[in-house]
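Structure file entry.txt; described as compact mmCIF, C-alpha atoms.
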# COMPACT_ATOMS: atom_id res chain seq x y z
CA MET F 1 14.07 68.42 20.22
CA MET F 2 15.69 67.27 17.01
CA LEU F 3 19.30 66.16 17.40
CA ASP F 4 22.06 68.08 15.67
CA LYS F 5 24.93 66.30 13.94
CA ASN F 6 26.86 65.99 17.18
CA GLY F 7 23.78 64.56 18.90
CA ILE F 8 23.48 61.87 16.23
CA ALA F 9 27.19 61.09 16.59
CA LYS F 10 26.86 60.93 20.38
CA ARG F 11 23.97 58.45 20.17
CA ILE F 12 25.83 56.26 17.68
CA ALA F 13 28.90 56.19 19.93
CA ARG F 14 26.78 54.19 22.41
CA GLU F 15 26.61 51.35 19.86
CA ILE F 16 30.37 50.80 20.13
CA SER F 17 31.67 48.16 22.54
CA ASP F 18 35.04 47.52 24.13
CA GLY F 19 37.42 45.73 21.77
CA TYR F 20 35.67 46.77 18.55
CA TYR F 21 37.41 47.51 15.27
CA VAL F 22 35.33 50.28 13.67
CA ASN F 23 35.32 51.95 10.27
CA LEU F 24 33.92 55.48 10.28
CA GLY F 25 32.72 57.08 7.04
CA ILE F 26 32.97 60.72 6.05
CA GLY F 27 30.66 63.37 7.59
CA ILE F 28 28.64 62.68 10.76
CA PRO F 29 30.33 59.26 11.23
CA THR F 30 33.71 61.00 11.63
CA LEU F 31 32.28 62.92 14.61
CA VAL F 32 31.46 59.64 16.39
CA ALA F 33 35.16 59.33 17.33
CA ASN F 34 34.76 62.37 19.61
CA TYR F 35 32.18 60.56 21.79
CA ILE F 36 33.73 57.12 22.29
CA PRO F 37 33.96 56.67 26.09
CA ASN F 38 37.47 56.79 27.55
CA ASP F 39 37.01 53.54 29.47
CA ILE F 40 36.68 51.33 26.37
CA HIS F 41 39.37 50.38 23.85
CA VAL F 42 38.40 50.79 20.23
CA VAL F 43 40.58 50.64 17.12
CA LEU F 44 39.52 52.87 14.24
CA GLN F 45 40.16 51.55 10.74
CA SER F 46 40.72 53.99 7.91
CA GLU F 47 40.33 52.24 4.58
CA ASN F 48 43.25 54.02 2.94
CA GLY F 49 45.39 51.69 5.02
CA LEU F 50 45.52 52.33 8.76
CA LEU F 51 44.40 50.66 11.97
CA GLY F 52 44.69 52.84 15.05
CA MET F 53 43.70 56.23 13.73
CA GLY F 54 44.20 58.97 16.32
CA ALA F 55 43.08 62.58 16.72
CA PHE F 56 43.91 65.44 14.37
CA PRO F 57 47.55 66.56 14.77
CA ILE F 58 48.57 69.58 16.81
CA GLU F 59 49.03 72.55 14.53
CA GLY F 60 52.48 72.43 12.94
CA GLU F 61 52.75 68.64 13.28
CA GLU F 62 50.68 67.72 10.20
CA ASP F 63 52.33 65.08 8.03
CA PRO F 64 51.28 64.86 4.36
CA ASP F 65 52.03 61.11 4.45
CA LEU F 66 49.48 60.51 7.21
CA ILE F 67 45.84 61.04 6.27
CA ASN F 68 42.48 59.33 6.74
CA ALA F 69 40.03 58.20 4.07
CA GLY F 70 38.55 61.72 4.03
CA LYS F 71 42.04 63.00 3.11
CA GLN F 72 42.29 64.81 6.46
CA THR F 73 45.60 65.01 8.31
CA ILE F 74 45.51 62.72 11.35
CA THR F 75 47.77 61.00 13.89
CA MET F 76 48.32 57.38 14.82
CA GLN F 77 47.58 55.83 18.19
CA PRO F 78 50.17 53.69 19.98
CA GLY F 79 49.91 50.20 18.49
CA ALA F 80 48.80 51.46 15.08
CA ALA F 81 49.57 49.56 11.89
CA VAL F 82 49.70 50.65 8.26
CA PHE F 83 49.09 48.45 5.22
CA ASP F 84 48.19 48.66 1.56
CA SER F 85 44.74 49.18 0.04
CA ALA F 86 44.26 45.53 -0.93
CA MET F 87 44.87 44.33 2.62
CA SER F 88 42.66 47.11 3.94
CA PHE F 89 39.71 45.81 1.96
CA GLY F 90 40.79 42.24 2.65
CA MET F 91 40.14 42.77 6.34
CA ILE F 92 36.84 44.46 5.51
CA ARG F 93 35.73 41.70 3.13
CA SER F 94 36.69 38.93 5.55
CA GLN F 95 34.65 40.64 8.30
CA LYS F 96 37.46 41.41 10.71
CA VAL F 97 35.97 44.89 11.15
CA ASP F 98 33.17 44.73 13.74
CA LEU F 99 31.19 47.83 12.88
CA THR F 100 30.83 50.19 9.94
CA ILE F 101 29.21 53.61 10.34
CA LEU F 102 28.40 55.59 7.22
CA GLY F 103 26.15 58.26 5.77
CA ALA F 104 23.34 57.79 3.25
CA MET F 105 21.14 59.75 0.87
CA GLU F 106 18.37 57.14 1.02
CA VAL F 107 17.65 53.87 2.83
CA SER F 108 14.84 51.49 1.91
CA GLU F 109 12.63 49.54 4.32
CA TYR F 110 14.58 46.39 3.32
CA GLY F 111 17.90 47.96 4.24
CA ASP F 112 19.02 48.92 0.72
CA ILE F 113 21.23 52.00 0.71
CA ALA F 114 21.96 54.70 -1.87
CA ASN F 115 24.78 57.16 -1.22
CA TRP F 116 27.07 57.56 -4.22
CA LYS F 117 25.34 59.06 -7.22
CA ILE F 118 22.57 61.40 -8.33
CA PRO F 119 22.19 60.72 -12.07
CA GLY F 120 22.91 63.79 -14.20
CA LYS F 121 23.79 65.93 -11.17
CA MET F 122 26.40 64.50 -8.88
CA VAL F 123 28.86 61.73 -9.55
CA LYS F 124 31.51 61.50 -6.90
CA GLY F 125 31.92 57.77 -6.92
CA MET F 126 31.38 55.08 -4.34
CA GLY F 127 34.86 55.10 -2.85
CA GLY F 128 34.96 52.22 -0.39
CA ALA F 129 31.26 52.32 0.46
CA MET F 130 30.18 49.45 -1.81
CA ASP F 131 32.87 47.17 -0.42
CA LEU F 132 31.98 48.13 3.15
CA VAL F 133 28.22 47.62 2.86
CA ALA F 134 28.61 44.35 0.94
CA SER F 135 30.76 42.75 3.62
CA ALA F 136 30.40 44.46 7.00
CA LYS F 137 29.11 42.40 9.93
CA ARG F 138 27.06 45.30 11.20
CA ILE F 139 26.27 48.64 9.58
CA ILE F 140 24.83 51.75 11.18
CA VAL F 141 23.68 54.62 8.99
CA ALA F 142 23.95 58.18 10.27
CA MET F 143 21.63 60.41 8.28
CA GLN F 144 19.00 63.13 8.30
CA GLN F 145 15.45 61.79 8.38
CA VAL F 146 14.28 64.23 5.69
CA ASN F 147 16.05 65.98 2.82
CA LYS F 148 16.24 69.74 2.27
CA ALA F 149 12.86 69.67 0.49
CA GLY F 150 11.30 68.08 3.58
CA GLU F 151 10.90 64.66 1.97
CA SER F 152 11.62 61.49 3.92
CA LYS F 153 14.86 59.66 3.11
CA LEU F 154 13.49 56.47 4.71
CA LEU F 155 11.66 55.01 1.71
CA PRO F 156 9.75 51.92 0.55
CA GLU F 157 12.39 51.68 -2.22
CA CYS F 158 15.45 53.76 -2.99
CA SER F 159 15.03 56.04 -6.01
CA LEU F 160 18.75 56.68 -6.47
CA PRO F 161 21.33 54.15 -7.77
CA LEU F 162 22.04 51.61 -5.04
CA THR F 163 25.25 51.22 -3.09
CA GLY F 164 24.18 47.91 -1.54
CA VAL F 165 21.20 45.63 -1.09
CA ARG F 166 19.57 44.50 2.18
CA CYS F 167 22.58 45.43 4.25
CA ILE F 168 21.64 48.22 6.70
CA ASN F 169 20.89 47.09 10.26
CA ARG F 170 20.38 50.31 12.12
CA ILE F 171 19.68 53.97 11.37
CA VAL F 172 20.19 56.96 13.63
CA THR F 173 18.63 60.26 12.52
CA GLU F 174 17.92 63.61 14.15
CA MET F 175 14.53 62.15 15.20
CA ALA F 176 14.97 58.50 16.04
CA VAL F 177 16.83 55.20 16.18
CA PHE F 178 15.49 52.43 13.92
CA GLU F 179 16.24 48.76 13.44
CA VAL F 180 15.67 47.71 9.81
CA ASP F 181 13.84 44.44 9.15
CA THR F 182 15.73 43.26 6.04
CA GLU F 183 13.54 40.11 5.83
CA ALA F 184 9.94 41.35 6.11
CA GLY F 185 10.75 44.99 5.41
CA GLY F 186 10.16 47.93 7.72
CA PHE F 187 11.72 50.59 9.91
CA ARG F 188 11.20 49.45 13.51
CA LEU F 189 11.31 52.39 15.89
CA LEU F 190 13.58 51.77 18.88
CA GLU F 191 14.10 55.20 20.45
CA ARG F 192 12.89 58.75 19.98
CA ALA F 193 14.95 61.93 20.17
CA PRO F 194 14.05 63.85 23.35
CA GLY F 195 10.65 65.51 22.97
CA VAL F 196 9.91 64.06 19.50
CA SER F 197 6.64 62.10 19.31
CA VAL F 198 6.00 58.77 17.61
CA GLU F 199 3.54 60.57 15.32
CA GLU F 200 6.14 63.12 14.21
CA ILE F 201 8.53 60.30 13.40
CA ARG F 202 5.82 58.33 11.59
CA ASN F 203 5.04 61.41 9.46
CA ALA F 204 8.72 61.71 8.50
CA THR F 205 9.02 58.04 7.48
CA ALA F 206 7.83 57.22 3.95
CA GLY F 207 8.59 53.49 4.15
CA LYS F 208 6.82 50.91 6.32
CA PHE F 209 6.89 52.21 9.89
CA ILE F 210 6.69 49.79 12.80
CA ALA F 211 6.16 51.11 16.34
CA ALA F 212 4.44 49.89 19.50
CA GLY F 213 3.81 53.47 20.58
CA ASP F 214 5.71 53.38 23.87
CA GLU F 215 9.25 53.68 22.52
CA PRO F 216 11.52 55.44 25.01
CA GLU F 217 13.49 58.62 24.50
CA MET F 218 17.18 58.28 23.75
CA VAL F 219 19.64 58.51 26.58
CA LEU F 220 22.45 60.77 25.40
CA MET A 1 73.81 42.97 -9.25
CA ILE A 2 70.90 44.06 -11.40
CA ASN A 3 70.68 47.85 -11.52
CA LYS A 4 67.25 49.37 -12.25
CA THR A 5 68.33 52.98 -11.86
CA VAL A 6 67.47 55.61 -14.45
CA HIS A 7 68.43 59.27 -14.22
CA HIS A 8 65.07 60.97 -14.03
CA ALA A 9 61.38 60.82 -14.95
CA ALA A 10 62.04 61.59 -18.64
CA ASP A 11 64.27 58.51 -18.91
CA ALA A 12 61.84 56.35 -16.98
CA LEU A 13 58.83 57.28 -19.12
CA HIS A 14 60.58 57.65 -22.51
CA ASP A 15 58.52 54.89 -24.16
CA ILE A 16 55.07 55.87 -22.90
CA THR A 17 53.01 56.69 -25.97
CA ASP A 18 49.51 57.93 -26.82
CA GLY A 19 46.68 55.56 -25.98
CA MET A 20 48.45 53.58 -23.27
CA THR A 21 46.89 52.37 -20.01
CA LEU A 22 48.60 53.60 -16.83
CA LEU A 23 48.19 52.65 -13.18
CA LEU A 24 49.00 55.58 -10.88
CA GLY A 25 49.53 55.03 -7.15
CA GLY A 26 48.29 57.30 -4.38
CA PHE A 27 45.19 58.08 -2.34
CA GLY A 28 43.94 61.60 -2.84
CA LEU A 29 47.20 63.55 -3.13
CA CYS A 30 48.97 61.29 -0.63
CA GLY A 31 51.74 59.12 -2.09
CA ILE A 32 51.18 60.14 -5.72
CA PRO A 33 54.05 59.87 -8.24
CA GLU A 34 54.50 63.64 -8.59
CA ASN A 35 57.58 63.47 -10.81
CA CYS A 36 56.01 61.00 -13.23
CA ILE A 37 52.81 63.05 -13.51
CA ARG A 38 54.82 66.21 -14.21
CA GLU A 39 56.72 64.35 -16.94
CA LEU A 40 53.48 63.07 -18.53
CA VAL A 41 52.25 66.67 -18.66
CA ARG A 42 55.56 67.80 -20.20
CA LYS A 43 55.56 64.98 -22.78
CA GLY A 44 51.98 65.75 -23.73
CA VAL A 45 51.00 62.12 -24.42
CA THR A 46 47.26 61.89 -25.01
CA ASN A 47 44.36 59.47 -25.17
CA LEU A 48 45.54 57.83 -21.95
CA THR A 49 43.54 55.45 -19.80
CA CYS A 50 44.43 56.26 -16.20
CA ILE A 51 43.65 53.89 -13.36
CA SER A 52 43.95 55.53 -9.95
CA ASN A 53 41.84 55.69 -6.81
CA ASN A 54 41.18 59.41 -7.30
CA ALA A 55 41.60 61.97 -10.06
CA GLY A 56 43.63 64.57 -8.18
CA VAL A 57 42.42 68.12 -7.68
CA ASP A 58 41.97 70.75 -10.39
CA ASP A 59 45.59 71.92 -10.42
CA PHE A 60 47.55 69.02 -8.94
CA GLY A 61 48.04 65.30 -9.46
CA ILE A 62 46.04 63.65 -12.22
CA GLY A 63 43.98 66.85 -12.33
CA MET A 64 46.84 68.37 -14.36
CA LEU A 65 46.49 65.63 -16.99
CA LEU A 66 42.73 66.12 -17.09
CA ARG A 67 43.04 69.86 -17.51
CA ASN A 68 45.35 69.23 -20.50
CA ARG A 69 42.82 66.79 -22.00
CA GLN A 70 45.40 64.01 -21.98
CA VAL A 71 43.05 61.47 -20.43
CA ALA A 72 40.45 59.66 -22.57
CA LYS A 73 39.29 57.28 -19.87
CA MET A 74 39.55 57.36 -16.09
CA ILE A 75 39.07 54.32 -13.90
CA ALA A 76 38.70 55.39 -10.25
CA SER A 77 36.64 54.88 -7.10
CA TYR A 78 36.12 58.47 -5.95
CA VAL A 79 36.45 61.67 -7.94
CA GLY A 80 34.64 64.15 -5.73
CA GLU A 81 37.50 66.62 -5.25
CA ASN A 82 37.87 67.62 -8.87
CA ALA A 83 35.42 70.05 -10.49
CA GLU A 84 37.01 69.82 -13.95
CA PHE A 85 36.70 66.05 -13.81
CA GLU A 86 33.02 66.25 -12.91
CA ARG A 87 32.45 68.73 -15.73
CA GLN A 88 34.15 66.51 -18.35
CA LEU A 89 32.24 63.49 -17.04
CA LEU A 90 28.79 65.10 -17.08
CA SER A 91 29.43 66.59 -20.55
CA GLY A 92 30.54 63.22 -21.91
CA GLU A 93 34.05 64.36 -22.93
CA LEU A 94 35.66 61.87 -20.60
CA GLU A 95 34.87 58.19 -20.34
CA VAL A 96 34.71 57.07 -16.73
CA GLU A 97 34.50 53.69 -15.07
CA LEU A 98 33.76 53.97 -11.37
CA VAL A 99 34.99 50.95 -9.44
CA PRO A 100 34.50 50.17 -5.74
CA GLN A 101 37.75 50.94 -3.92
CA GLY A 102 38.36 47.40 -2.67
CA THR A 103 37.63 46.03 -6.12
CA LEU A 104 40.12 48.48 -7.61
CA ALA A 105 42.84 47.34 -5.21
CA THR A 106 42.03 43.68 -5.69
CA ARG A 107 42.07 43.92 -9.50
CA CYS A 108 45.65 45.23 -9.12
CA LEU A 109 46.49 42.47 -6.69
CA ALA A 110 45.12 39.85 -9.09
CA ALA A 111 47.37 41.15 -11.88
CA GLY A 112 50.40 41.08 -9.58
CA TYR A 113 49.57 37.59 -8.34
CA GLY A 114 49.02 36.20 -11.84
CA MET A 115 45.31 35.57 -11.43
CA PRO A 116 42.95 36.51 -14.29
CA ALA A 117 39.97 37.43 -12.11
CA VAL A 118 38.66 37.65 -8.57
CA PHE A 119 35.21 37.36 -6.98
CA THR A 120 33.85 40.05 -4.69
CA PRO A 121 30.45 40.81 -3.14
CA ALA A 122 30.99 44.57 -3.62
CA GLY A 123 28.45 45.97 -6.08
CA VAL A 124 26.10 42.96 -6.24
CA GLY A 125 22.59 44.25 -7.01
CA THR A 126 23.90 47.68 -8.12
CA GLU A 127 24.74 49.18 -11.52
CA VAL A 128 28.37 48.13 -10.96
CA ALA A 129 27.17 44.56 -11.58
CA GLU A 130 25.77 45.32 -15.05
CA GLY A 131 27.28 43.03 -17.69
CA LYS A 132 29.37 41.11 -15.18
CA GLU A 133 29.29 37.40 -14.43
CA VAL A 134 27.71 36.58 -11.07
CA ARG A 135 28.75 33.40 -9.27
CA ARG A 136 27.17 31.93 -6.17
CA PHE A 137 29.45 30.55 -3.44
CA HIS A 138 28.10 29.23 -0.11
CA GLY A 139 24.71 30.80 -0.80
CA ARG A 140 26.01 34.30 -1.59
CA ASP A 141 26.41 36.15 -4.87
CA TYR A 142 29.78 37.50 -6.02
CA LEU A 143 30.82 39.53 -9.05
CA MET A 144 33.66 38.35 -11.23
CA GLU A 145 36.10 41.24 -11.61
CA MET A 146 38.99 41.07 -14.07
CA ALA A 147 42.65 41.70 -13.28
CA PHE A 148 43.91 44.99 -14.71
CA ASP A 149 46.01 44.85 -17.85
CA ALA A 150 48.12 48.00 -17.80
CA ASP A 151 51.11 49.05 -19.89
CA PHE A 152 52.77 50.97 -17.07
CA ALA A 153 52.46 51.33 -13.32
CA LEU A 154 53.79 54.59 -11.89
CA VAL A 155 54.33 54.44 -8.15
CA LYS A 156 55.88 56.53 -5.41
CA ALA A 157 57.83 55.10 -2.47
CA TRP A 158 59.71 56.65 0.43
CA LYS A 159 62.97 54.76 0.02
CA GLY A 160 64.21 52.50 -2.70
CA ASP A 161 67.45 50.85 -3.71
CA THR A 162 69.18 50.37 -7.04
CA ALA A 163 67.77 46.83 -7.24
CA GLY A 164 64.24 48.28 -7.19
CA ASN A 165 63.29 47.26 -3.65
CA LEU A 166 60.80 49.71 -2.13
CA ILE A 167 59.74 50.92 1.31
CA TYR A 168 56.70 53.16 1.77
CA ARG A 169 55.97 55.58 4.58
CA MET A 170 52.74 55.63 6.62
CA THR A 171 49.51 56.02 4.64
CA ALA A 172 51.42 57.10 1.53
CA ARG A 173 51.63 53.34 0.99
CA ASN A 174 47.95 52.93 -0.04
CA PHE A 175 47.65 51.67 -3.64
CA ASN A 176 51.37 51.89 -4.46
CA PRO A 177 52.43 48.32 -3.55
CA VAL A 178 49.55 46.63 -5.38
CA MET A 179 49.94 48.82 -8.45
CA ALA A 180 53.71 48.23 -8.44
CA MET A 181 52.97 44.53 -8.84
CA ALA A 182 50.48 45.07 -11.65
CA GLY A 183 52.29 46.97 -14.41
CA LYS A 184 53.86 45.36 -17.47
CA ILE A 185 56.51 47.99 -16.81
CA THR A 186 56.66 49.45 -13.32
CA VAL A 187 58.38 52.77 -12.67
CA ALA A 188 59.10 53.76 -9.08
CA GLU A 189 60.07 57.25 -7.97
CA VAL A 190 61.49 57.54 -4.48
CA GLU A 191 62.39 60.28 -2.04
CA GLU A 192 65.66 58.57 -1.20
CA LEU A 193 67.52 56.20 -3.51
CA VAL A 194 70.24 54.07 -1.89
CA GLU A 195 72.66 51.37 -3.01
CA ALA A 196 71.33 47.80 -3.09
CA GLY A 197 72.33 46.07 0.13
CA THR A 198 71.68 49.15 2.26
CA LEU A 199 68.03 48.44 3.10
CA ASP A 200 67.11 45.70 5.56
CA PRO A 201 65.59 42.83 3.51
CA ASP A 202 63.08 42.24 6.32
CA GLN A 203 61.67 45.74 5.88
CA ILE A 204 61.09 45.68 2.10
CA HIS A 205 57.43 46.20 1.11
CA THR A 206 57.80 45.73 -2.66
CA PRO A 207 60.53 43.35 -3.85
CA GLY A 208 62.61 44.71 -6.73
CA ILE A 209 61.47 41.99 -9.14
CA TYR A 210 58.25 43.98 -9.63
CA VAL A 211 60.12 47.22 -10.37
CA HIS A 212 61.68 47.79 -13.79
CA ARG A 213 62.94 51.36 -13.42
CA ILE A 214 63.66 53.46 -10.37
CA PHE A 215 64.78 57.03 -9.93
CA GLN A 216 65.32 59.61 -7.24
CA GLY A 217 62.42 62.07 -7.36
CA VAL A 218 62.94 65.82 -6.98
CA ASP A 219 60.95 68.83 -5.75
CA TYR A 220 58.25 66.95 -3.86
CA GLU A 221 55.40 69.26 -3.02
CA LYS A 222 53.40 66.66 -1.01
CA ARG A 223 50.36 68.86 -1.01
CA ILE A 224 47.87 68.37 1.84
CA GLU A 225 44.27 68.13 0.65
CA GLN A 226 42.43 68.63 3.95
CA ARG A 227 44.60 70.23 6.61
CA THR A 228 42.89 69.39 9.90
CA VAL A 229 44.53 70.24 13.22
CA ARG A 230 43.69 70.62 16.91
CA GLN A 231 44.97 73.20 19.33
CA LYS A 232 47.55 72.29 21.94
CA ALA A 233 45.72 71.25 25.11

Target format structure tokens, applied to this file:
Amino acid sequence: MMLDKNGIAKRIAREISDGYYVNLGIGIPTLVANYIPNDIHVVLQSENGLLGMGAFPIEGEEDPDLINAGKQTITMQPGAAVFDSAMSFGMIRSQKVDLTILGAMEVSEYGDIANWKIPGKMVKGMGGAMDLVASAKRIIVAMQQVNKAGESKLLPECSLPLTGVRCINRIVTEMAVFEVDTEAGGFRLLERAPGVSVEEIRNATAGKFIAAGDEPEMVL
Amino acid sequence: MINKTVHHAADALHDITDGMTLLLGGFGLCGIPENCIRELVRKGVTNLTCISNNAGVDDFGIGMLLRNRQVAKMIASYVGENAEFERQLLSGELEVELVPQGTLATRCLAAGYGMPAVFTPAGVGTEVAEGKEVRRFHGRDYLMEMAFDADFALVKAWKGDTAGNLIYRMTARNFNPVMAMAGKITVAEVEELVEAGTLDPDQIHTPGIYVHRIFQGVDYEKRIEQRTVRQKA
């Protein structure tokens, strides 16, 4: 069974440890916050200038001065702190943030990532993604294994303009969890989505695929 | 005591002319200088270079300047919420420089700290690096990014005093403090203007030395871009 977006988010939440400072990107990564276990303490960083991002506000309590990097109204947790954009990226650049989770259009077998531009079609900009992938200690990509045309997004080389080079450590898709070998190159299969075979995953991976064949199913 | 107060946006922006480079604070529509943007639209100055994290939405924020074709060049990190912007960009009517968000903030910081350039790993190996000097420190490559050189910085704060000291509120702070430091002339609009000596010096975010003109803003809309809520448990 392929995972849905919430399934991907749920699996990624298991990568988060007690005491982590975590930056969540827009899209599936935002959903990860819903699955962080209650018994661990995690501080969410929002790069527009907040540590200690909380849940969405109760209806009627939205404050236009309090948003996340996706421009959504949010709340602050007890112990939160606000700061300016330069300090926000200062703490990212100096690797105070333990884990970054973001989306991607393509990832290469060396851990290159493309997620900000489709030449001639879509130019939204990189936002904070280039800063995050250039500096983060550990980066997990949440993405679909194949695009709408059925083509793999796990490639030998990215075809789209790059966001960062040799920076992605781990990928979670609707089919599998991979570790990326940024030295030798390759998507090393770690876990399969329930009921998805190694062969199905191999067929949906265009870049170098590394598997022993006995990779376990994910525990969700 | 030095008094930086002007009456309104028209006074504060009276000497902005065609072709100038402006820094505009805010993130999305949060903490944007609404009064100053309205005045730029009213004045009709053109051929502007605008530096701001985003480009507003079609009918609010910098989007109003774009719709009026007052912007020749936009320097921003993310412009995804503005269809008119994307149209002008893809058709070549508008010159655009996309800058990683941390680089954008740090180029402001550099200007405010009197440093000509900074080095950052963001964008190494990407098209952002094209034409830029790369320096290697401790075995890693960094891009040299230049401090911004802007004629005006237009920022929005929550409270300010007549000496130009500013306090921001929650995430409406964002780019405002670093842009306030970076303008040759910095204009601050505030929701509440008080006499110098009223604010606690320990709580000031932007010292008044960086602010040349300050005025009490009016009619704040504070539009919410993505209203997300949960139901009461």

Problem - Which of A:Gln216, A:Ser77, A:Thr198, A:Thr46 sits closest to A:Ala9 [using all atoms listed in the file] - result: A:Gln216

How close does each residue of stretch 102-156 of chain F get to stretch 21-32 of chain F, giving the shortest atom pair and distance in Å to one decimal for every residue with an atom at most 7 Å away, counting only C-alpha atoms, sorted by chain and residue number, as JSON lines?
{"residue": "F:Leu102", "atom": "CA", "partner": "F:Gly25", "partner_atom": "CA", "distance": 4.6}
{"residue": "F:Gly103", "atom": "CA", "partner": "F:Gly25", "partner_atom": "CA", "distance": 6.8}
{"residue": "F:Ala142", "atom": "CA", "partner": "F:Ile28", "partner_atom": "CA", "distance": 6.5}

Practice task
Using only C-alpha atoms, find all polymer residues with an atom at most 12 Å away from the point (32.8, 42.9, 6.5); report them as a ChimeraX atom specification.
Solution key: /F:21-23,88-101,128-139,167 /A:102,120-122

Problem - Neighbour list for A:His7 as a list in words, cut-off 9 Å, all atoms listed in the file, skip fewer than 3 positions in-chain - result: Ala10, Asp11, Ala12, Ile214, Phe215 and Gln216 of chain A

Practice task
Name the residues in contact with stretch 141-152 of chain A at a cut-off of 7 Å, using only C-alpha atoms, excluding same-chain residues fewer than 5 positions from it; report them as a PyMOL selection string.
Solution key: chain A and resi 20-23+107-108+110-111+115-121+124+129+132-136+183-186

Save the residues we just selected, C-alpha atoms, as a PDB file, in the frame of the given file?
ATOM      1  CA  MET A  20      48.450  53.580 -23.270  1.00  0.00           C
ATOM      2  CA  THR A  21      46.890  52.370 -20.010  1.00  0.00           C
ATOM      3  CA  LEU A  22      48.600  53.600 -16.830  1.00  0.00           C
ATOM      4  CA  LEU A  23      48.190  52.650 -13.180  1.00  0.00           C
ATOM      5  CA  ARG A 107      42.070  43.920  -9.500  1.00  0.00           C
ATOM      6  CA  CYS A 108      45.650  45.230  -9.120  1.00  0.00           C
ATOM      7  CA  ALA A 110      45.120  39.850  -9.090  1.00  0.00           C
ATOM      8  CA  ALA A 111      47.370  41.150 -11.880  1.00  0.00           C
ATOM      9  CA  MET A 115      45.310  35.570 -11.430  1.00  0.00           C
ATOM     10  CA  PRO A 116      42.950  36.510 -14.290  1.00  0.00           C
ATOM     11  CA  ALA A 117      39.970  37.430 -12.110  1.00  0.00           C
ATOM     12  CA  VAL A 118      38.660  37.650  -8.570  1.00  0.00           C
ATOM     13  CA  PHE A 119      35.210  37.360  -6.980  1.00  0.00           C
ATOM     14  CA  THR A 120      33.850  40.050  -4.690  1.00  0.00           C
ATOM     15  CA  PRO A 121      30.450  40.810  -3.140  1.00  0.00           C
ATOM     16  CA  VAL A 124      26.100  42.960  -6.240  1.00  0.00           C
ATOM     17  CA  ALA A 129      27.170  44.560 -11.580  1.00  0.00           C
ATOM     18  CA  LYS A 132      29.370  41.110 -15.180  1.00  0.00           C
ATOM     19  CA  GLU A 133      29.290  37.400 -14.430  1.00  0.00           C
ATOM     20  CA  VAL A 134      27.710  36.580 -11.070  1.00  0.00           C
ATOM     21  CA  ARG A 135      28.750  33.400  -9.270  1.00  0.00           C
ATOM     22  CA  ARG A 136      27.170  31.930  -6.170  1.00  0.00           C
ATOM     23  CA  GLY A 183      52.290  46.970 -14.410  1.00  0.00           C
ATOM     24  CA  LYS A 184      53.860  45.360 -17.470  1.00  0.00           C
ATOM     25  CA  ILE A 185      56.510  47.990 -16.810  1.00  0.00           C
ATOM     26  CA  THR A 186      56.660  49.450 -13.320  1.00  0.00           C
TER      27      THR A 186
END

Practice task
Place a sphere of radius 8 Å on (43.2, 60.3, -2.2) in the file coordinates and name every protein, DNA or RNA residue with an atom inside or on its surface, counting only C-alpha atoms; give the answer as a ChimeraX atom specification.
Solution key: /F:69-71 /A:26-30,53-54,56

Practice task
Figure out the distance between atom CA of A:Asp18 and atom CA of A:Arg42, please, to one decimal in Å.
Solution key: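 Atom CA of A:Arg42 sits 13.3 Å away from atom CA of A:Asp18.
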
Problem - Nearest to A:Glu81, chosen from F:Pro119, F:Gly125, F:Gly49, F:Gly54, with all atoms listed in the file counted in the distances - result: F:Gly125

From the block you just saw, export stretch 70-76 of chain F: N, CA, C and O atoms, as a PDB file, in the first residue's frame.
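Listed below is the output, selection.pdb:
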ATOM      1  N   GLY F  70       5.045  29.674   5.782  1.00  0.00           N
ATOM      2  CA  GLY F  70       4.071  29.455   4.719  1.00  0.00           C
ATOM      3  C   GLY F  70       2.968  30.500   4.735  1.00  0.00           C
ATOM      4  O   GLY F  70       1.961  30.346   4.050  1.00  0.00           O
ATOM      5  N   LYS F  71       3.170  31.548   5.536  1.00  0.00           N
ATOM      6  CA  LYS F  71       2.226  32.666   5.687  1.00  0.00           C
ATOM      7  C   LYS F  71       0.913  32.244   6.342  1.00  0.00           C
ATOM      8  O   LYS F  71      -0.107  32.930   6.233  1.00  0.00           O
ATOM      9  N   GLN F  72       0.906  31.104   7.016  1.00  0.00           N
ATOM     10  CA  GLN F  72      -0.292  30.641   7.719  1.00  0.00           C
ATOM     11  C   GLN F  72      -0.335  31.239   9.119  1.00  0.00           C
ATOM     12  O   GLN F  72       0.709  31.388   9.768  1.00  0.00           O
ATOM     13  N   THR F  73      -1.546  31.542   9.604  1.00  0.00           N
ATOM     14  CA  THR F  73      -1.681  32.000  10.981  1.00  0.00           C
ATOM     15  C   THR F  73      -1.359  30.834  11.919  1.00  0.00           C
ATOM     16  O   THR F  73      -1.772  29.689  11.681  1.00  0.00           O
ATOM     17  N   ILE F  74      -0.624  31.129  12.977  1.00  0.00           N
ATOM     18  CA  ILE F  74      -0.173  30.097  13.916  1.00  0.00           C
ATOM     19  C   ILE F  74      -0.274  30.639  15.339  1.00  0.00           C
ATOM     20  O   ILE F  74      -0.745  31.750  15.563  1.00  0.00           O
ATOM     21  N   THR F  75       0.199  29.831  16.295  1.00  0.00           N
ATOM     22  CA  THR F  75       0.337  30.294  17.679  1.00  0.00           C
ATOM     23  C   THR F  75       1.778  30.043  18.116  1.00  0.00           C
ATOM     24  O   THR F  75       2.553  29.414  17.388  1.00  0.00           O
ATOM     25  N   MET F  76       2.103  30.536  19.303  1.00  0.00           N
ATOM     26  CA  MET F  76       3.422  30.291  19.870  1.00  0.00           C
ATOM     27  C   MET F  76       3.287  29.365  21.066  1.00  0.00           C
ATOM     28  O   MET F  76       2.326  29.455  21.823  1.00  0.00           O
TER      29      MET F  76
END
